[in-house]
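Peer 1: Structure provided below as structure tokens; questions to follow.
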Amino acid sequence: MPHPLLHSPFINSKYRALEEEIFSLLSKSTSLNHITQIHARIFTLGLHQNNFIATKILNLCSSTSSINHACLTFHHISNPTISLWNSFIRALSQNDLPIETLKIYTQMKNTQISPDNYTFPFVLKACAALPQYPPLGQSIHGEVIRIGLDPDPYIRNSLIVMYSKSGYLKNALLLFEEMPVRDTATWNSIIAGCFRSENVEKGRELFDQMPERNVVSWNTVVAGYTQNGKASEALRLFRRMQSEGILPNEVTLVSILSACAQAGAIEIDMYSKGGSLRDARNVFDGMVEKTVVSWNTMISGVAMHGCGEEAVSLFEEMSNTGVEPNDITYIGVLCACMHAGLVEEARMYFKQMVEKNGITPKVEHYGCMVNLLGRVGYLIEAHELIKSMPFSPDASIWGALLGACRTHGHLELAEHAVICLLELEPWNAGNYVLLSNIYAAKGHWNDVESVREKMKGRRVQKTPGSSSIEIDSSIHEFVIGDRSHRRSIEIYEKLDELAMQLKLAGYVPSVDSVLHDICEEEKEHALNVHSEKLAIAFGLINTSPGTTIRIIKNLRICGDCHTATKLISKIVEREIIVRDRIRFHHFKDGKCSCNDFW
DNA sequence: TTAGGGTTAG
């Protein structure tokens with residue numbers, strides 16, 4: 001709508017020219033800063049009532065996540081056109097505000113404006129984000145049919161996504177099968193839906209059938225396999241993707257890294273040298289344009305593998321290339337510092353995050369700091385940091401402090417932490433076990449007993465520690481003192497042999513790793529049959545000399561097994577990779593990649 | 001009138 005003062009033909013053409021000028025300015029801007037500046041100019045020119053320009057601004061707000069700005073812009077327009085409504089709905093929907101999206105959609109209908117083919121994909125995306133209310137999506141589907149827009153391919157794709165995210169894969173498949181024309185996005189949507197609904201076979205079948213695949217198709221299946229716990233399939237498909245010359249992008253990297261994280265038990269020669277992390281690094285290095293997501297993924301990836309210095313140097317490299325770190329980047333780099341015991345660096349990054357990048361630390365950031373300070377023995381500083389937090393600490397924070405108290409034998413602080421922790425999660429067996437471990441390490445057996453009684457009273461059971469190893473595509477799982485394996489005799493012979501070699505190498509069992517109140521000699525024996533040692537022994541008798549042994553443990557590796565595995569790696573001249581609940585440990589030549597911080 | 005859309009993800 002032209003400015004009321006501009007009505008002569010001459011001024012009208014000047015108005016058009018202004019409109020065009022602003023429009024081209026907006027087309028070139030990418031950041032909120034630009035938009036705000038241009039918006040100020042729009043006001044002085046009296047163009048703030050202009051629907052066309054407002055639409056353009058809203059679309060920019062959407063891509064820059066500037067929702068407040070989007071609301072302000074929208075509410076300045078007295079008679080929004082359908083395009084403006086659509087752009088506002090888009091901004092809300094794409095910025096994870098499904099309830100607000102549906103509210104505005106309802107408001108739009110109340111003004112007698114009928115939704116069109118552009119409206120529904122955004123509205124359906126909002127419905128897909130609220131799978132707990134499946135009737136919502138169904139009623140929108142009803143409206144689509146009533147208006148006669150159901151043949152629209154965009155809307156149909158959105159319906160497929162909505163149904164598969166709401167747990168109605170059957171409806172999604174039906175819509176897919178009835179579609180006269182399917183484009184690659186249609187195929188991608190339904191394949192993603194199948195994998196999301198854990199129908200891996202159907203997803204793969206459709207992938208194999210599809211006439212044309214793009215990088216999203218490949219990513220969908222790689223991610224699908226990873227999310228369904230089939231890391232080896234994911235990595236196999238990634239190899240095929242590369243051999244077919246498909247250029248991976250940052251989403252591929254994300255999925256491949258997740259697959260690598262799972263791949264601890266994979267015995268595949270091509271991944272064995274240096275671990276699957278190298279695959280991820282290759283993808284990363286080959287990427288032409290690295291976004292903050294790519295950097296974050298790579299930093300978290302190397303952090304998880306315990307390569308603290310590499311994470312730090314990636315972070316610095318990222319800053320030098322002008323990519324601004326976000327909260328997730330800092331979680332990655334703090335996590336890396338935590339695993340590598342880099343206290344000074346962590347303090348520096350924590351400060352820099354707030355002061356330089358204006359990021360408010362979240363519980364994850366505090367968690368890393370507490371964990372790290374605790375591990376290196378700065379228990380009081382860790383506790384002070386917890387007290388200074390502007391929100392209530394959650395279980396992860398108290399858990400980190402408690403773990404540190406155990407390592408450093410600080411009984412009083414541990415009791416405090418565990419009391420807070422048990423209030424937050426009385427059902428979690430791990431908490432009782434940690435407290436019981438602390439008492440056991442101090443020889444306070446009566447207290448150990450009372451914790452156990454409490455556990456019994458509350459029907460809590462300790463998760464049994466177990467370790468698994470993959471040999472010839474089958475998984476072998478061991479628990480402490482396990483004798484159920486059919487090759488148990490050989491395994492125990494190997495263990496005895498290792499125990500002897502370890503003693504000769506100067507290994508002294510650290511008996512405070514043991515929970516139970518038993519005599520010293522028995523304690524030593526219990527340590528010797530921890531699940532990870534059984535899995536390693538089994539690995540040694542089943543693989544050829546020099547190959548890497550990969551173990552997955554469901555809990556954190558214990559202090560004694562960590563020491564023993566370091567020595568074993570040297571004695572048997574093998575690289576042993578253990579993925580525990582927290583991270584990867586690469587044992588080689590008597591050392592571990594975690595530098596004994598874990 | 002002009003512009004605006006759906007799939008994979010840390």
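Please note that chains go A, B, ... in the order of the structure tokens, that every chain numbers its residues from 1, and that ligands are numbered from 1 in the order shown.
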Select, as a PyMOL selection string, those residues of chain B with any atom no more than 6 Å from chain A (distances computed using only C-alpha atoms (C1' of nucleotides)).
Peer 2: chain B and resi 5-10
Peer 1: Name the residues of range 361-458 of chain A that fall into alpha helix (DSSP H) according to DSSP on the backbone, using the chain letters and numbers of this document, as a PyMOL selection string.
Peer 2: chain A and resi 363-375+379-388+395-408+411-424+429-441+445-457
Peer 1: As a compact mmCIF listing (two decimals) with all heavy atoms, in the first residue's frame, please: the residues near Leu342 in chain A (cut-off 10 Å, only C-alpha atoms (C1' of nucleotides), same-chain neighbours under 4 positions excluded).
Peer 2:
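To be explicit, this is the file written out as around.txt:
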# COMPACT_ATOMS: atom_id res chain seq x y z
N GLY A 308 42.20 -33.76 22.92
CA GLY A 308 41.94 -32.43 23.44
C GLY A 308 42.66 -31.34 22.68
O GLY A 308 42.06 -30.33 22.30
N GLU A 309 43.96 -31.55 22.44
CA GLU A 309 44.74 -30.51 21.76
C GLU A 309 44.22 -30.27 20.34
O GLU A 309 44.16 -29.15 19.87
CB GLU A 309 46.23 -30.86 21.71
CG GLU A 309 46.99 -30.52 22.98
CD GLU A 309 46.88 -31.62 24.03
OE1 GLU A 309 46.29 -32.68 23.72
OE2 GLU A 309 47.38 -31.42 25.16
N VAL A 312 41.18 -28.13 20.52
CA VAL A 312 41.53 -26.74 20.80
C VAL A 312 42.08 -26.08 19.53
O VAL A 312 41.71 -24.95 19.19
CB VAL A 312 42.55 -26.66 21.95
CG1 VAL A 312 43.17 -25.29 22.05
CG2 VAL A 312 41.86 -27.03 23.27
N LEU A 334 34.97 -27.20 25.57
CA LEU A 334 35.10 -27.42 27.02
C LEU A 334 35.16 -28.91 27.34
O LEU A 334 35.90 -29.36 28.21
CB LEU A 334 33.94 -26.76 27.78
CG LEU A 334 33.99 -25.23 27.84
CD1 LEU A 334 32.71 -24.68 28.48
CD2 LEU A 334 35.21 -24.74 28.62
N CYS A 335 34.39 -29.65 26.59
CA CYS A 335 34.38 -31.10 26.74
C CYS A 335 35.78 -31.66 26.42
O CYS A 335 36.28 -32.55 27.11
CB CYS A 335 33.37 -31.64 25.75
SG CYS A 335 32.65 -33.16 26.22
N ALA A 336 36.38 -31.11 25.36
CA ALA A 336 37.72 -31.54 24.97
C ALA A 336 38.72 -31.23 26.08
O ALA A 336 39.56 -32.06 26.44
CB ALA A 336 38.14 -30.85 23.68
N CYS A 337 38.63 -30.02 26.63
CA CYS A 337 39.52 -29.63 27.74
C CYS A 337 39.32 -30.58 28.91
O CYS A 337 40.27 -30.98 29.58
CB CYS A 337 39.22 -28.21 28.19
SG CYS A 337 39.61 -26.96 26.96
N MET A 338 38.06 -30.93 29.13
CA MET A 338 37.72 -31.81 30.24
C MET A 338 38.42 -33.16 30.06
O MET A 338 39.08 -33.65 30.97
CB MET A 338 36.21 -31.98 30.27
CG MET A 338 35.69 -32.95 31.28
SD MET A 338 33.90 -33.00 31.16
CE MET A 338 33.69 -34.39 30.08
N ALA A 346 40.41 -24.38 29.74
CA ALA A 346 38.96 -24.42 30.00
C ALA A 346 38.50 -23.14 30.69
O ALA A 346 37.49 -22.54 30.31
CB ALA A 346 38.62 -25.63 30.86
N ARG A 347 39.26 -22.72 31.70
CA ARG A 347 38.91 -21.47 32.40
C ARG A 347 38.85 -20.31 31.42
O ARG A 347 37.96 -19.48 31.45
CB ARG A 347 39.96 -21.16 33.48
CG ARG A 347 39.80 -22.00 34.73
CD ARG A 347 40.59 -21.33 35.86
NE ARG A 347 40.55 -22.12 37.07
CZ ARG A 347 41.61 -22.69 37.64
NH1 ARG A 347 42.80 -22.55 37.09
NH2 ARG A 347 41.48 -23.38 38.74
N LEU A 372 35.80 -31.16 35.13
CA LEU A 372 37.24 -30.98 34.97
C LEU A 372 37.90 -30.54 36.28
O LEU A 372 38.89 -31.11 36.72
CB LEU A 372 37.50 -29.95 33.87
CG LEU A 372 38.93 -29.50 33.65
CD1 LEU A 372 39.85 -30.69 33.41
CD2 LEU A 372 39.02 -28.54 32.49
N LEU A 373 37.33 -29.51 36.91
CA LEU A 373 37.90 -29.01 38.16
C LEU A 373 37.93 -30.14 39.19
O LEU A 373 38.90 -30.31 39.93
CB LEU A 373 37.08 -27.83 38.69
CG LEU A 373 37.17 -26.54 37.87
CD1 LEU A 373 36.12 -25.53 38.33
CD2 LEU A 373 38.57 -25.93 37.96
N VAL A 376 40.74 -32.85 38.49
CA VAL A 376 42.12 -32.50 38.83
C VAL A 376 42.26 -32.18 40.31
O VAL A 376 43.34 -31.81 40.76
CB VAL A 376 42.66 -31.33 37.96
CG1 VAL A 376 42.75 -31.75 36.51
CG2 VAL A 376 41.79 -30.09 38.10
N PHE A 597 43.03 -38.75 32.28
CA PHE A 597 41.89 -37.95 32.73
C PHE A 597 40.65 -38.58 32.11
O PHE A 597 40.56 -38.66 30.89
CB PHE A 597 41.99 -36.51 32.23
CG PHE A 597 43.01 -35.72 32.96
CD1 PHE A 597 44.28 -35.57 32.45
CD2 PHE A 597 42.70 -35.13 34.17
CE1 PHE A 597 45.23 -34.84 33.13
CE2 PHE A 597 43.63 -34.40 34.84
CZ PHE A 597 44.91 -34.24 34.33
Peer 1: Can you tell me how far CA of Asn554 in chain A sits from CA of Tyr225 in chain A, in Å to one decimal?
Peer 2: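 Computing it gives 20.8 Å between the two atoms.
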Peer 1: Can you pull out the residues contacting range 275-287 of chain A? Cut-off 7 Å, using only C-alpha atoms (C1' of nucleotides), and skip same-chain residues under 4 positions away; I want them as a PyMOL selection string.
Peer 2: chain A and resi 248-249+253+256-257+260+271
Peer 1: For those residues, write N, CA, C and O atoms to a file as a PDB file, in the first residue's frame.
Peer 2:
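Listing of selection-v6.pdb after writing:
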ATOM      1  N   PRO A 248      30.076 -35.609  -0.181  1.00  0.00           N
ATOM      2  CA  PRO A 248      29.387 -35.478   1.117  1.00  0.00           C
ATOM      3  C   PRO A 248      29.297 -34.022   1.549  1.00  0.00           C
ATOM      4  O   PRO A 248      30.109 -33.191   1.146  1.00  0.00           O
ATOM      5  N   ASN A 249      28.309 -33.695   2.342  1.00  0.00           N
ATOM      6  CA  ASN A 249      28.207 -32.341   2.881  1.00  0.00           C
ATOM      7  C   ASN A 249      28.235 -32.391   4.407  1.00  0.00           C
ATOM      8  O   ASN A 249      28.508 -33.435   4.996  1.00  0.00           O
ATOM      9  N   LEU A 253      28.670 -35.469   7.389  1.00  0.00           N
ATOM     10  CA  LEU A 253      29.674 -35.472   8.455  1.00  0.00           C
ATOM     11  C   LEU A 253      29.031 -35.759   9.810  1.00  0.00           C
ATOM     12  O   LEU A 253      29.526 -36.575  10.583  1.00  0.00           O
ATOM     13  N   ILE A 256      28.037 -39.416   9.910  1.00  0.00           N
ATOM     14  CA  ILE A 256      29.185 -40.308   9.920  1.00  0.00           C
ATOM     15  C   ILE A 256      29.866 -40.275  11.290  1.00  0.00           C
ATOM     16  O   ILE A 256      30.295 -41.297  11.818  1.00  0.00           O
ATOM     17  N   LEU A 257      29.918 -39.089  11.888  1.00  0.00           N
ATOM     18  CA  LEU A 257      30.533 -39.005  13.214  1.00  0.00           C
ATOM     19  C   LEU A 257      29.723 -39.795  14.241  1.00  0.00           C
ATOM     20  O   LEU A 257      30.286 -40.477  15.091  1.00  0.00           O
ATOM     21  N   CYS A 260      30.574 -43.261  13.715  1.00  0.00           N
ATOM     22  CA  CYS A 260      31.902 -43.556  14.267  1.00  0.00           C
ATOM     23  C   CYS A 260      31.819 -43.753  15.778  1.00  0.00           C
ATOM     24  O   CYS A 260      32.477 -44.617  16.355  1.00  0.00           O
ATOM     25  N   TYR A 271      38.642 -49.496   8.658  1.00  0.00           N
ATOM     26  CA  TYR A 271      38.490 -48.455   9.665  1.00  0.00           C
ATOM     27  C   TYR A 271      39.486 -48.597  10.797  1.00  0.00           C
ATOM     28  O   TYR A 271      39.560 -47.757  11.656  1.00  0.00           O
TER      29      TYR A 271
END
Peer 1: In Å to one decimal, how far is CA of Asn110 in chain A from CA of Phe88 in chain A?
Peer 2: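 Between CA of Phe88 in chain A and CA of Asn110 in chain A the gap works out to 15.7 Å.
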Peer 1: Go through A:Ile57, A:Ile147, A:Ala129, A:Ala441 one by one, measure the shortest atom-to-atom distance of each to DA3 in chain B using only C-alpha atoms (C1' of nucleotides), and give the residue with the smallest value.
Peer 2: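 For DA3 in chain B, the nearest of the candidates is A:Ile57.
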Peer 1: Could you check which of A:Ser396, A:Ser510, A:Thr543, A:Asn95 is closest to Asp560 in chain A, using only C-alpha atoms?
Peer 2: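 Nearest candidate to Asp560 in chain A out of A:Ser396, A:Ser510, A:Thr543, A:Asn95: A:Ser510.
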Peer 1: Using only C-alpha atoms, which residue out of A:Pro426, A:Leu421, A:Lys442, A:Leu540 lies closest to Gly457 in chain A?
Peer 2: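 That would be A:Pro426, the residue with the smallest distance to Gly457 in chain A.
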Peer 1: Pick from A:Val572, A:Ile82, A:Leu136, A:Ile549: nearest to DG4 in chain B, with only C-alpha atoms (C1' of nucleotides) counted?
Peer 2: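 Under the stated criterion, the closest residue is A:Ile82.
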Peer 1: Please report, as a PyMOL selection string, each residue of range 483-569 of chain A to which DSSP assigns strand (DSSP E) when run on this structure's backbone.
Peer 2: chain A and resi 549-553
Peer 1: In terms of the shortest atom-to-atom distance over only C-alpha atoms, which of A:Val343, A:Cys194, A:Ala70, A:Met108 is closest to Asn171 in chain A?
Peer 2: A:Cys194
Peer 1: Restricting the calculation to only C-alpha atoms, which member of A:Ser436, A:Ser474, A:Asn51, A:Asn528 is positioned closest to Glu497 in chain A?
Peer 2: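 Checking each of A:Ser436, A:Ser474, A:Asn51, A:Asn528 against Glu497 in chain A, counting only C-alpha atoms, the winner is A:Asn528.
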